[in-house]
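So this one's query-v2.cif, mmCIF, C-alpha atoms:
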data_structure
loop_
_atom_site.label_atom_id
_atom_site.label_comp_id
_atom_site.auth_asym_id
_atom_site.auth_seq_id
_atom_site.Cartn_x
_atom_site.Cartn_y
_atom_site.Cartn_z
CA MET A 1 2.86 -19.27 17.30
CA ASN A 2 3.87 -16.08 19.07
CA ILE A 3 4.09 -13.23 16.52
CA VAL A 4 5.21 -9.70 17.27
CA LEU A 5 4.00 -7.28 14.59
CA ALA A 6 6.28 -4.24 14.39
CA ARG A 7 5.28 -1.04 12.62
CA PRO A 8 6.59 2.53 12.47
CA VAL A 9 5.42 5.13 14.96
CA ALA A 10 4.46 7.58 12.19
CA ARG A 11 1.74 5.63 10.36
CA SER A 12 -0.15 6.95 7.35
CA TYR A 13 -3.92 7.25 7.54
CA SER A 14 -4.03 5.21 4.32
CA GLY A 15 -2.13 2.25 5.80
CA THR A 16 -5.27 0.21 6.52
CA PHE A 17 -3.55 -2.97 5.35
CA ILE A 18 -1.53 -3.10 8.58
CA GLU A 19 -4.70 -3.04 10.66
CA THR A 20 -6.19 -5.72 8.41
CA GLN A 21 -3.22 -8.02 8.99
CA THR A 22 -3.22 -7.27 12.71
CA ARG A 23 -6.83 -8.43 13.02
CA ARG A 24 -6.15 -11.69 11.19
CA LEU A 25 -2.74 -12.73 12.46
CA PRO A 26 -2.34 -14.31 15.90
CA ALA A 27 -0.07 -11.46 16.99
CA ALA A 28 0.69 -11.59 20.69
CA HIS A 29 1.89 -7.99 20.64
CA THR A 30 1.98 -4.99 18.30
CA LEU A 31 5.19 -3.00 18.68
CA ASP A 32 5.46 0.62 17.53
CA VAL A 33 9.11 1.38 16.82
CA PRO A 34 10.91 4.68 16.05
CA TYR A 35 11.88 3.75 12.50
CA GLY A 36 9.87 4.10 9.31
CA PRO A 37 8.62 6.80 6.94
CA GLY A 38 10.53 9.91 7.99
CA THR A 39 12.62 7.80 10.46
CA ARG A 40 11.95 10.22 13.29
CA PHE A 41 13.32 9.31 16.69
CA ASP A 42 10.27 9.30 18.98
CA ILE A 43 11.16 9.62 22.66
CA ARG A 44 7.66 8.57 23.73
CA THR A 45 8.12 5.19 22.10
CA ILE A 46 11.41 4.65 23.90
CA ILE A 47 9.74 5.54 27.19
CA GLU A 48 7.15 2.85 26.45
CA LEU A 49 9.93 0.35 25.72
CA SER A 50 11.75 0.98 28.97
CA ARG A 51 11.62 3.35 31.91
CA GLU A 52 15.32 2.87 32.49
CA GLY A 53 18.47 3.98 30.75
CA LEU A 54 16.99 7.05 29.07
CA ARG A 55 19.59 9.57 30.24
CA GLY A 56 21.16 11.47 27.36
CA LEU A 57 18.59 10.59 24.69
CA ARG A 58 17.33 13.45 22.52
CA ALA A 59 13.97 13.70 20.71
CA ARG A 60 15.47 14.22 17.27
CA ALA A 61 16.18 12.23 14.11
CA PRO A 62 19.24 10.01 14.75
CA ALA A 63 22.08 9.17 12.44
CA PRO A 64 21.62 5.55 11.34
CA HIS A 65 24.51 4.42 13.53
CA GLY A 66 24.42 7.20 16.11
CA ARG A 67 24.22 7.14 19.91
CA ALA A 68 20.44 7.53 20.03
CA ASP A 69 20.06 4.74 17.51
CA ALA A 70 22.31 2.42 19.52
CA ALA A 71 20.40 3.18 22.72
CA SER A 72 17.06 2.49 21.06
CA GLN A 73 18.42 -0.80 19.65
CA THR A 74 19.40 -1.89 23.15
CA LEU A 75 15.98 -1.09 24.56
CA LEU A 76 14.16 -2.72 21.63
CA ALA A 77 16.25 -5.87 22.03
CA LYS A 78 15.39 -5.93 25.74
CA ARG A 79 11.69 -5.62 24.93
CA LEU A 80 11.86 -8.39 22.32
CA ARG A 81 13.56 -10.75 24.77
CA ALA A 82 10.75 -10.10 27.23
CA LEU A 83 8.10 -10.80 24.58
CA ALA A 84 9.91 -13.96 23.40
CA PRO A 85 8.30 -14.11 19.94
CA ASP A 86 8.66 -17.00 17.52
CA VAL A 87 8.91 -14.43 14.71
CA VAL A 88 8.80 -10.64 14.29
CA LEU A 89 6.88 -9.34 11.25
CA VAL A 90 8.10 -5.83 10.45
CA HIS A 91 6.20 -3.46 8.15
CA TYR A 92 8.24 -1.23 5.78
CA GLY A 93 11.87 -1.57 4.77
CA PRO A 94 13.26 1.27 6.92
CA THR A 95 11.45 -0.13 9.95
CA ALA A 96 13.07 -3.52 9.32
CA ALA A 97 16.45 -1.84 8.76
CA GLY A 98 16.08 -0.07 12.10
CA LEU A 99 15.04 -3.25 13.91
CA VAL A 100 17.32 -5.87 12.35
CA ARG A 101 20.12 -5.47 14.90
CA ALA A 102 17.73 -5.57 17.84
CA CYS A 103 16.23 -8.80 16.49
CA ARG A 104 19.69 -10.26 16.03
CA ALA A 105 20.69 -9.24 19.56
CA ALA A 106 17.48 -10.79 20.94
CA ASP A 107 17.99 -13.90 18.78
CA VAL A 108 14.53 -13.75 17.21
CA PRO A 109 13.79 -14.23 13.48
CA LEU A 110 12.71 -11.19 11.48
CA VAL A 111 10.43 -11.08 8.42
CA ALA A 112 10.50 -7.74 6.56
CA HIS A 113 7.31 -6.64 4.76
CA PHE A 114 7.99 -4.14 1.96
CA HIS A 115 5.17 -2.04 0.49
CA GLY A 116 6.19 0.39 -2.26
CA TYR A 117 7.96 3.66 -1.49
CA ASP A 118 10.49 1.73 0.63
CA VAL A 119 11.73 -0.17 -2.43
CA TRP A 120 11.35 2.42 -5.16
CA ARG A 121 11.79 5.96 -3.81
CA THR A 122 15.23 7.35 -4.57
CA GLU A 123 15.71 8.95 -1.15
CA ALA A 124 14.70 5.79 0.71
CA ARG A 125 17.17 3.74 -1.28
CA ARG A 126 19.96 6.28 -0.81
CA ARG A 127 19.44 6.38 2.94
CA TRP A 128 18.67 2.76 3.69
CA LEU A 129 20.10 0.48 1.00
CA ASP A 130 23.21 -0.45 2.98
CA ARG A 131 21.06 -1.56 5.89
CA TYR A 132 18.58 -3.23 3.54
CA ARG A 133 21.45 -5.49 2.54
CA GLU A 134 21.90 -6.30 6.22
CA VAL A 135 18.18 -7.14 6.35
CA PHE A 136 18.50 -9.32 3.23
CA ALA A 137 21.33 -11.29 4.83
CA THR A 138 19.72 -11.62 8.26
CA ALA A 139 15.97 -11.88 7.69
CA ALA A 140 14.17 -15.20 7.65
CA GLY A 141 11.85 -13.88 4.93
CA LEU A 142 11.07 -10.82 2.81
CA VAL A 143 7.53 -9.99 1.67
CA ALA A 144 7.00 -8.28 -1.70
CA VAL A 145 3.50 -7.15 -2.62
CA SER A 146 3.91 -7.25 -6.41
CA SER A 147 5.79 -9.40 -8.90
CA SER A 148 7.87 -6.43 -10.09
CA MET A 149 8.78 -5.56 -6.49
CA ARG A 150 9.94 -9.11 -5.93
CA GLN A 151 12.23 -8.87 -8.94
CA GLU A 152 13.57 -5.50 -7.76
CA LEU A 153 14.39 -6.81 -4.27
CA ILE A 154 16.28 -9.69 -5.87
CA ARG A 155 18.11 -7.22 -8.13
CA LEU A 156 19.09 -5.21 -5.03
CA GLY A 157 20.67 -8.31 -3.51
CA ALA A 158 17.91 -10.25 -1.73
CA PRO A 159 18.24 -14.06 -2.00
CA PRO A 160 15.42 -15.23 -4.31
CA ASP A 161 14.38 -18.05 -1.99
CA LYS A 162 13.73 -15.54 0.80
CA VAL A 163 11.42 -13.24 -1.20
CA TRP A 164 7.72 -14.16 -0.94
CA LEU A 165 5.15 -12.60 -3.28
CA ILE A 166 2.15 -11.84 -1.05
CA PRO A 167 -0.12 -8.81 -1.69
CA CYS A 168 -1.86 -7.27 1.31
CA GLY A 169 -5.36 -8.25 0.13
CA ALA A 170 -8.82 -6.68 0.15
CA ASP A 171 -10.80 -6.57 3.37
CA VAL A 172 -14.39 -6.31 2.12
CA ASP A 173 -17.57 -7.83 3.53
CA PRO A 174 -18.66 -10.45 0.94
CA ALA A 175 -22.23 -9.19 1.31
CA ARG A 176 -21.22 -5.84 -0.19
CA ARG A 177 -21.60 -5.64 -3.93
CA ALA A 178 -21.38 -2.95 -6.57
CA ASP A 179 -23.79 -2.81 -9.50
CA PRO A 180 -22.09 -0.98 -12.39
CA ALA A 181 -25.00 -1.80 -14.69
CA THR A 182 -27.38 0.46 -12.75
CA ALA A 183 -24.88 2.98 -11.36
CA PRO A 184 -24.66 6.42 -12.97
CA PRO A 185 -21.46 7.18 -14.94
CA ARG A 186 -19.71 8.05 -11.70
CA LEU A 187 -16.01 7.26 -11.42
CA VAL A 188 -14.10 7.11 -8.15
CA SER A 189 -10.39 7.62 -7.47
CA VAL A 190 -9.00 6.68 -4.05
CA GLY A 191 -5.53 7.37 -2.68
CA ARG A 192 -3.16 9.93 -1.25
CA LEU A 193 -2.87 12.98 -3.45
CA VAL A 194 0.73 12.38 -4.44
CA ALA A 195 2.41 12.09 -7.83
CA LYS A 196 2.53 8.29 -8.10
CA LYS A 197 -1.28 8.02 -7.89
CA GLY A 198 -1.60 9.74 -11.28
CA THR A 199 -4.66 11.77 -10.29
CA ALA A 200 -3.63 14.61 -12.62
CA HIS A 201 -3.82 12.18 -15.56
CA ALA A 202 -7.30 11.12 -14.47
CA LEU A 203 -8.46 14.74 -14.52
CA THR A 204 -7.00 15.34 -17.98
CA ALA A 205 -8.64 12.17 -19.32
CA LEU A 206 -11.97 13.13 -17.79
CA ALA A 207 -11.81 16.51 -19.49
CA ALA A 208 -11.17 14.83 -22.85
CA HIS A 209 -14.11 12.48 -22.27
CA ARG A 210 -16.45 15.34 -21.43
CA ALA A 211 -15.22 17.40 -24.39
CA ARG A 212 -16.59 14.59 -26.57
CA GLY A 213 -19.99 14.87 -24.91
CA GLY A 214 -19.44 12.30 -22.16
CA GLN A 215 -21.27 12.65 -18.86
CA ALA A 216 -18.88 10.95 -16.44
CA THR A 217 -18.16 12.53 -13.06
CA LEU A 218 -15.21 11.83 -10.79
CA THR A 219 -15.09 11.62 -6.99
CA ILE A 220 -11.54 11.94 -5.66
CA VAL A 221 -11.03 10.49 -2.18
CA GLY A 222 -7.86 11.29 -0.25
CA ARG A 223 -5.64 14.08 0.92
CA GLY A 224 -2.03 14.96 0.28
CA PRO A 225 0.41 17.62 -0.86
CA LEU A 226 -0.96 17.79 -4.41
CA GLY A 227 -4.49 18.61 -3.25
CA PRO A 228 -4.34 22.37 -4.01
CA SER A 229 -2.75 21.91 -7.45
CA LEU A 230 -5.26 19.21 -8.41
CA ARG A 231 -8.14 21.49 -7.45
CA ARG A 232 -6.65 24.26 -9.58
CA GLN A 233 -6.24 21.82 -12.46
CA ALA A 234 -9.91 20.80 -12.21
CA GLU A 235 -10.94 24.46 -12.33
CA THR A 236 -8.65 25.21 -15.28
CA LEU A 237 -10.12 22.25 -17.18
CA GLY A 238 -13.66 23.45 -16.48
CA LEU A 239 -14.47 20.41 -14.34
CA GLU A 240 -15.87 22.21 -11.27
CA ASP A 241 -19.28 20.55 -11.73
CA ALA A 242 -17.85 17.16 -12.66
CA VAL A 243 -15.25 16.58 -9.93
CA THR A 244 -15.74 16.26 -6.17
CA PHE A 245 -12.83 16.27 -3.71
CA THR A 246 -13.88 14.55 -0.47
CA GLY A 247 -10.63 14.55 1.46
CA ALA A 248 -9.76 11.46 3.49
CA LEU A 249 -12.75 9.31 4.48
CA PRO A 250 -13.27 6.37 6.85
CA HIS A 251 -12.89 3.00 5.15
CA PRO A 252 -16.61 2.08 5.26
CA ARG A 253 -17.49 5.37 3.57
CA VAL A 254 -14.94 4.69 0.81
CA LEU A 255 -16.54 1.30 0.21
CA ASP A 256 -19.97 3.00 0.04
CA LEU A 257 -18.72 5.25 -2.75
CA LEU A 258 -17.20 2.35 -4.67
CA GLU A 259 -20.37 0.33 -4.24
CA HIS A 260 -22.37 3.00 -6.11
CA ALA A 261 -19.87 3.77 -8.89
CA ARG A 262 -19.46 2.68 -12.49
CA ALA A 263 -15.69 2.10 -12.20
CA LEU A 264 -12.56 2.83 -10.20
CA VAL A 265 -9.90 4.97 -11.87
CA HIS A 266 -6.39 4.19 -10.63
CA HIS A 267 -3.86 5.40 -13.20
CA SER A 268 -0.63 5.15 -11.20
CA VAL A 269 2.72 6.30 -12.59
CA VAL A 270 6.37 6.43 -11.52
CA ALA A 271 6.79 9.64 -9.51
CA PRO A 272 9.64 12.10 -10.15
CA ASP A 273 11.35 10.91 -6.95
CA GLY A 274 11.18 7.29 -8.13
CA ASP A 275 8.26 6.36 -5.87
CA ARG A 276 5.93 3.63 -7.15
CA GLU A 277 2.99 1.58 -5.97
CA GLY A 278 3.10 -1.88 -4.51
CA THR A 279 -0.22 -3.55 -5.25
CA PRO A 280 -2.83 -0.89 -4.39
CA VAL A 281 -5.34 -2.24 -1.89
CA THR A 282 -8.08 -0.04 -3.40
CA VAL A 283 -7.71 -1.87 -6.73
CA MET A 284 -8.30 -5.19 -4.97
CA GLU A 285 -11.19 -3.74 -2.95
CA ALA A 286 -12.91 -2.48 -6.08
CA GLY A 287 -12.60 -5.91 -7.64
CA ALA A 288 -13.94 -7.56 -4.49
CA LEU A 289 -17.05 -5.38 -4.79
CA GLY A 290 -17.52 -6.29 -8.45
CA LEU A 291 -16.30 -2.98 -9.82
CA PRO A 292 -14.11 -2.74 -12.95
CA VAL A 293 -10.82 -0.87 -12.70
CA LEU A 294 -9.46 1.61 -15.24
CA GLY A 295 -5.80 1.34 -14.35
CA SER A 296 -2.29 1.60 -15.73
CA ARG A 297 0.38 -0.96 -16.47
CA HIS A 298 2.15 -0.01 -13.28
CA GLU A 299 3.60 -2.43 -10.73
CA GLY A 300 0.99 -4.59 -8.95
CA ILE A 301 -2.01 -3.09 -10.75
CA ALA A 302 -1.13 -5.29 -13.70
CA ASP A 303 -1.00 -8.32 -11.35
CA VAL A 304 -4.64 -7.78 -10.40
CA VAL A 305 -6.35 -6.25 -13.45
CA ILE A 306 -6.66 -8.27 -16.66
CA ASP A 307 -7.16 -5.96 -19.63
CA HIS A 308 -10.50 -6.44 -21.42
CA GLU A 309 -11.55 -8.98 -18.76
CA THR A 310 -11.71 -7.27 -15.34
CA GLY A 311 -11.19 -3.69 -16.51
CA ARG A 312 -8.85 -1.75 -18.78
CA LEU A 313 -5.13 -0.99 -18.60
CA ALA A 314 -3.32 1.91 -20.26
CA ASP A 315 0.38 2.66 -20.45
CA GLU A 316 1.55 5.06 -17.75
CA GLY A 317 0.69 8.65 -18.67
CA ASP A 318 -1.37 7.69 -21.74
CA VAL A 319 -4.34 9.98 -21.05
CA ASP A 320 -5.81 9.40 -24.52
CA ALA A 321 -6.13 5.68 -23.78
CA LEU A 322 -7.53 6.39 -20.32
CA ALA A 323 -10.10 8.79 -21.81
CA ALA A 324 -11.12 6.11 -24.30
CA HIS A 325 -11.55 3.62 -21.45
CA ILE A 326 -13.77 6.12 -19.62
CA ASP A 327 -15.82 6.46 -22.82
CA GLU A 328 -16.11 2.67 -22.95
CA VAL A 329 -17.46 2.04 -19.44
CA CYS A 330 -19.77 5.04 -19.57
CA ALA A 331 -21.26 4.08 -22.95
CA ASP A 332 -21.85 0.42 -22.02
CA PRO A 333 -23.01 -0.25 -18.43
CA GLY A 334 -23.51 -3.93 -19.26
CA LEU A 335 -19.87 -4.27 -20.28
CA ALA A 336 -18.78 -2.56 -17.06
CA ALA A 337 -20.93 -5.01 -15.08
CA SER A 338 -19.45 -7.98 -16.94
CA TRP A 339 -15.91 -6.82 -16.17
CA GLY A 340 -16.95 -6.22 -12.56
CA ARG A 341 -18.23 -9.78 -12.17
CA ALA A 342 -14.98 -11.16 -13.55
CA ALA A 343 -13.01 -8.86 -11.23
CA ARG A 344 -14.97 -10.14 -8.24
CA ARG A 345 -14.24 -13.77 -9.14
CA ARG A 346 -10.53 -13.02 -9.59
CA VAL A 347 -10.15 -11.13 -6.32
CA GLN A 348 -12.11 -13.73 -4.36
CA GLN A 349 -9.79 -16.41 -5.67
CA HIS A 350 -6.46 -14.66 -5.27
CA PHE A 351 -6.58 -11.27 -3.54
CA THR A 352 -8.85 -11.17 -0.49
CA ALA A 353 -7.24 -10.47 2.88
CA ASP A 354 -8.34 -13.93 4.05
CA VAL A 355 -6.45 -15.55 1.17
CA THR A 356 -3.30 -13.44 1.36
CA VAL A 357 -3.01 -13.42 5.16
CA ALA A 358 -3.43 -17.21 5.18
CA ARG A 359 -0.46 -17.42 2.81
CA LEU A 360 1.54 -15.09 5.03
CA ARG A 361 0.59 -17.02 8.16
CA ALA A 362 1.78 -20.27 6.57
CA GLN A 363 5.15 -18.70 5.75
CA LEU A 364 5.52 -17.27 9.25
CA LYS A 365 4.67 -20.67 10.71
CA ASN A 366 7.45 -22.24 8.65
CA VAL A 367 9.89 -19.62 9.95
CA ALA A 368 8.79 -20.27 13.53
CA LYS A 369 9.34 -24.01 13.10
CA ARG A 370 12.87 -23.39 11.83
#

Once you've parsed the file, please lay out its structure as structure tokens.
Amino acid sequence: MNIVLARPVARSYSGTFIETQTRRLPAAHTLDVPYGPGTRFDIRTIIELSREGLRGLRARAPAPHGRADAASQTLLAKRLRALAPDVVLVHYGPTAAGLVRACRAADVPLVAHFHGYDVWRTEARRRWLDRYREVFATAAGLVAVSSSMRQELIRLGAPPDKVWLIPCGADVDPARRADPATAPPRLVSVGRLVAKKGTAHALTALAAHRARGGQATLTIVGRGPLGPSLRRQAETLGLEDAVTFTGALPHPRVLDLLEHARALVHHSVVAPDGDREGTPVTVMEAGALGLPVLGSRHEGIADVVIDHETGRLADEGDVDALAAHIDEVCADPGLAASWGRAARRRVQQHFTADVTVARLRAQLKNVAKR
């Protein structure tokens, strides 16, 4: 099976799931295309696609149906014909929307892999929904990473039989293992510092926990536009000695931190711009390590975490409940360890990268046969 894996030029440092899939899928070629988050037209990518026919192109953001867009479609179609794939797997809705006509022109089947912002964010929907409908009609398959995302794609017009529920999966060495029973009351939060990650709620809950005499600390891993305001919030709450901001870290270092923690805090919420999670990979990684998750009933988190069994779930924005859950895991290391063991069993059965990519590969193989 000859797979071309297409992804946007402007990739986020946190998009490790694409690299995970790339390592596991028999992709003959990885194609960087000038559509995706930000939808910038990248002249360097077009030069890579073809050394011919570049006269008149401008290095600027194109209108969705503009001259630069049409020229890039022609060159992308030419490249796809040369690669002759059995199927093209395209990451992110806007990337698929930008590539759907090139795939149709090259007569190759497209599978669109949605992730989160591309389904939920108001601006993404405003800009791309018309072409999403073109993707829905043309694509051989549509990947949703959470059950709620699957339902939303169907609500937006996707045929139900085309929408496959397949999370990205955790890529963790099985030899790695957390030990919440012996770890100090150290909590870890991992993710871009943006509104949907709910980091501000985690800080408020931590302050409430410590006001009651709790000793938990919080390590916040990631960078993003809310970094300065979150640091100010920590100072205002008197948490300077209890909170550490690490910035972005390499994946192995993130796993090291999780391995020596009591629990992961991942209290995601709907952002003001409508943005939401898919199924956060960090939640699955924590479970794979045997670490309980203190999460929210938000999108795919509730697919992975079973309340009172593999961690705790609070309603979005309920900082009192989150603070009580922090009290719980910090007061009873044995309970945290029990939840962590159950989380490890659940992730190993349903949410490792090996399991989820195998499911994706089977679907792609069916598309290729058709």

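Residue nearest Pro26 (chain A), chosen from A:Asp179, A:Thr246, A:Val87, A:Val143 and counting only C-alpha atoms: A:Val87.
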
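Of the residues listed (A:Leu294, A:Val357, A:Leu230, A:Val163), A:Val357 shows the shortest atom-to-atom separation from Thr22 (chain A); distances use all atoms listed in the file.
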
Problem set entry | Result set, the PyMOL selection byres ((chain A and resi 264-274) around 7) on current file, as number ranges by chain | A: 120-122, 187-189, 195-198, 202, 263, 275-276, 286, 291-296, 298, 316-317

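The protein and nucleic acid residues lying at most 7 Å from Ala6 (chain A) are Val4, Thr30, Leu31, Asp32, Val33, Val88, Leu89, Val90 and His91 of chain A, with all atoms listed in the file considered and sequence neighbours fewer than 2 positions away removed.
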
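The two atoms in question, CA of Leu76 (chain A) and CA of Leu99 (chain A), are spaced 7.8 Å apart.
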
Problem set entry | Target residues per the PyMOL selection byres ((chain A and resi 203-209) around 9), formatted as an NGL selection string | :A and (199-202 or 210-218 or 230 or 233-234 or 237-239 or 242-243 or 318-324 or 326-327)

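For the set A:Gly98, A:Glu259, A:Tyr92, A:Pro160, the residue with the smallest atom-to-atom gap to Ala175 (chain A) is A:Glu259, counting only C-alpha atoms.
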
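Taking CA of Ala112 (chain A) and CA of Ala137 (chain A) as the two end points, the separation is 11.5 Å.
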
For this session: Considering only C-alpha atoms, return as a PyMOL selection string whatever protein or nucleic-acid residues lie within 9 Å of region 124-136 of chain A, sequence-local ones (same chain, fewer than 5 positions apart) excluded.
Result: chain A and resi 37+64+93-94+96-98+100-101+110-112+117-119+141-142+153+156-159+162

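Separating CA of Pro85 (chain A) from CA of Arg359 (chain A) is a distance of 19.5 Å.
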
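Residues surrounding Asp107 (chain A) within 9 Å are Ala77, Leu80, Arg81 and Ala102 of chain A [all atoms listed in the file; sequence separation below 5 positions excluded].
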
For this session: Run through the PyMOL selection byres ((chain A and resi 334) around 12) on the given coordinates and return the selected residues as an MDAnalysis selection string.
Result: chainID A and resid 179:183 262 291:292 328:333 335:341

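For the set A:Met149, A:Val367, A:Ala106, A:Ala261, the residue with the smallest atom-to-atom gap to Pro185 (chain A) is A:Ala261, counting all atoms listed in the file.
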
For this session: Would you kindly identify which residues have an atom no farther than 6 Å from (2.7, -4.4, 2.3), using all atoms listed in the file and the file's own coordinates, and write them out as JSON, numbers by chain?
Result: {"A": [113, 114, 115, 145, 168]}

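Near region 288-290 of chain A, within 6 Å and counting only C-alpha atoms, sit Arg177, Ala178, Gly340, Arg341, Ala343, Arg344 and Val347 of chain A; same-chain residues fewer than 6 positions away were not included.
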
Can you write out the residues you just picked, keeping C-alpha atoms, as a CSV table (one decimal), in the frame of the given file?
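Produced file out-v3.csv, reproduced below:
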chain,number,residue,atom,x,y,z
A,177,ARG,CA,-21.6,-5.6,-3.9
A,178,ALA,CA,-21.4,-3.0,-6.6
A,340,GLY,CA,-17.0,-6.2,-12.6
A,341,ARG,CA,-18.2,-9.8,-12.2
A,343,ALA,CA,-13.0,-8.9,-11.2
A,344,ARG,CA,-15.0,-10.1,-8.2
A,347,VAL,CA,-10.2,-11.1,-6.3

For this session: Pick out the residues sitting within 9 Å of Val254 (chain A), and hand them over as a ChimeraX atom specification; count all atoms listed in the file, and ignore anything fewer than 6 positions along from it in its own chain.
Result: /A:190,221,248

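You can rank A:Leu193, A:Leu258, A:Ala353, A:Leu249 by their closest distance to Arg23 (chain A) using all atoms listed in the file, and at the top of that list sits A:Ala353.
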
Exercise. Which residue out of A:Glu299, A:Asp171, A:Glu235, A:Glu277 has the minimum interatomic distance to Thr352 (chain A) when all atoms listed in the file are used?
Worked result: A:Asp171

What box, with edges along x, y and z, holds each listed atom of region 184-201 of chain A when 4 Å is added on every side, and can you state its centre and edge lengths in Å to one decimal, as AutoDock Vina command-line options?
--center_x -11.1 --center_y 10.5 --center_z -8.4 --size_x 35.2 --size_y 16.2 --size_z 22.3

Please reconstruct the missing atoms of region 337-348 of chain A (target: N, CA and C atoms) and return them as a PDB file, in the frame of the given file.
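Ended up saving to rebuild_5.pdb:
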ATOM      1  N   ALA A 337     -20.463  -4.002 -16.037  1.00  0.00           N
ATOM      2  CA  ALA A 337     -20.930  -5.010 -15.080  1.00  0.00           C
ATOM      3  C   ALA A 337     -20.280  -6.363 -15.332  1.00  0.00           C
ATOM      4  N   SER A 338     -20.098  -6.713 -16.616  1.00  0.00           N
ATOM      5  CA  SER A 338     -19.450  -7.980 -16.940  1.00  0.00           C
ATOM      6  C   SER A 338     -18.013  -8.009 -16.449  1.00  0.00           C
ATOM      7  N   TRP A 339     -17.283  -6.906 -16.682  1.00  0.00           N
ATOM      8  CA  TRP A 339     -15.910  -6.820 -16.170  1.00  0.00           C
ATOM      9  C   TRP A 339     -15.902  -6.868 -14.645  1.00  0.00           C
ATOM     10  N   GLY A 340     -16.888  -6.218 -14.020  1.00  0.00           N
ATOM     11  CA  GLY A 340     -16.950  -6.220 -12.560  1.00  0.00           C
ATOM     12  C   GLY A 340     -17.166  -7.609 -11.996  1.00  0.00           C
ATOM     13  N   ARG A 341     -18.016  -8.403 -12.647  1.00  0.00           N
ATOM     14  CA  ARG A 341     -18.230  -9.780 -12.170  1.00  0.00           C
ATOM     15  C   ARG A 341     -16.953 -10.606 -12.284  1.00  0.00           C
ATOM     16  N   ALA A 342     -16.240 -10.438 -13.382  1.00  0.00           N
ATOM     17  CA  ALA A 342     -14.980 -11.160 -13.550  1.00  0.00           C
ATOM     18  C   ALA A 342     -13.939 -10.699 -12.525  1.00  0.00           C
ATOM     19  N   ALA A 343     -13.938  -9.385 -12.233  1.00  0.00           N
ATOM     20  CA  ALA A 343     -13.010  -8.860 -11.230  1.00  0.00           C
ATOM     21  C   ALA A 343     -13.304  -9.456  -9.859  1.00  0.00           C
ATOM     22  N   ARG A 344     -14.593  -9.576  -9.530  1.00  0.00           N
ATOM     23  CA  ARG A 344     -14.970 -10.140  -8.240  1.00  0.00           C
ATOM     24  C   ARG A 344     -14.502 -11.591  -8.113  1.00  0.00           C
ATOM     25  N   ARG A 345     -14.689 -12.370  -9.175  1.00  0.00           N
ATOM     26  CA  ARG A 345     -14.240 -13.770  -9.140  1.00  0.00           C
ATOM     27  C   ARG A 345     -12.724 -13.839  -8.952  1.00  0.00           C
ATOM     28  N   ARG A 346     -11.994 -12.982  -9.669  1.00  0.00           N
ATOM     29  CA  ARG A 346     -10.530 -13.020  -9.590  1.00  0.00           C
ATOM     30  C   ARG A 346     -10.029 -12.632  -8.199  1.00  0.00           C
ATOM     31  N   VAL A 347     -10.598 -11.568  -7.644  1.00  0.00           N
ATOM     32  CA  VAL A 347     -10.150 -11.130  -6.320  1.00  0.00           C
ATOM     33  C   VAL A 347     -10.529 -12.163  -5.263  1.00  0.00           C
ATOM     34  N   GLN A 348     -11.712 -12.731  -5.344  1.00  0.00           N
ATOM     35  CA  GLN A 348     -12.110 -13.730  -4.360  1.00  0.00           C
ATOM     36  C   GLN A 348     -11.180 -14.936  -4.381  1.00  0.00           C
TER      37      GLN A 348
END
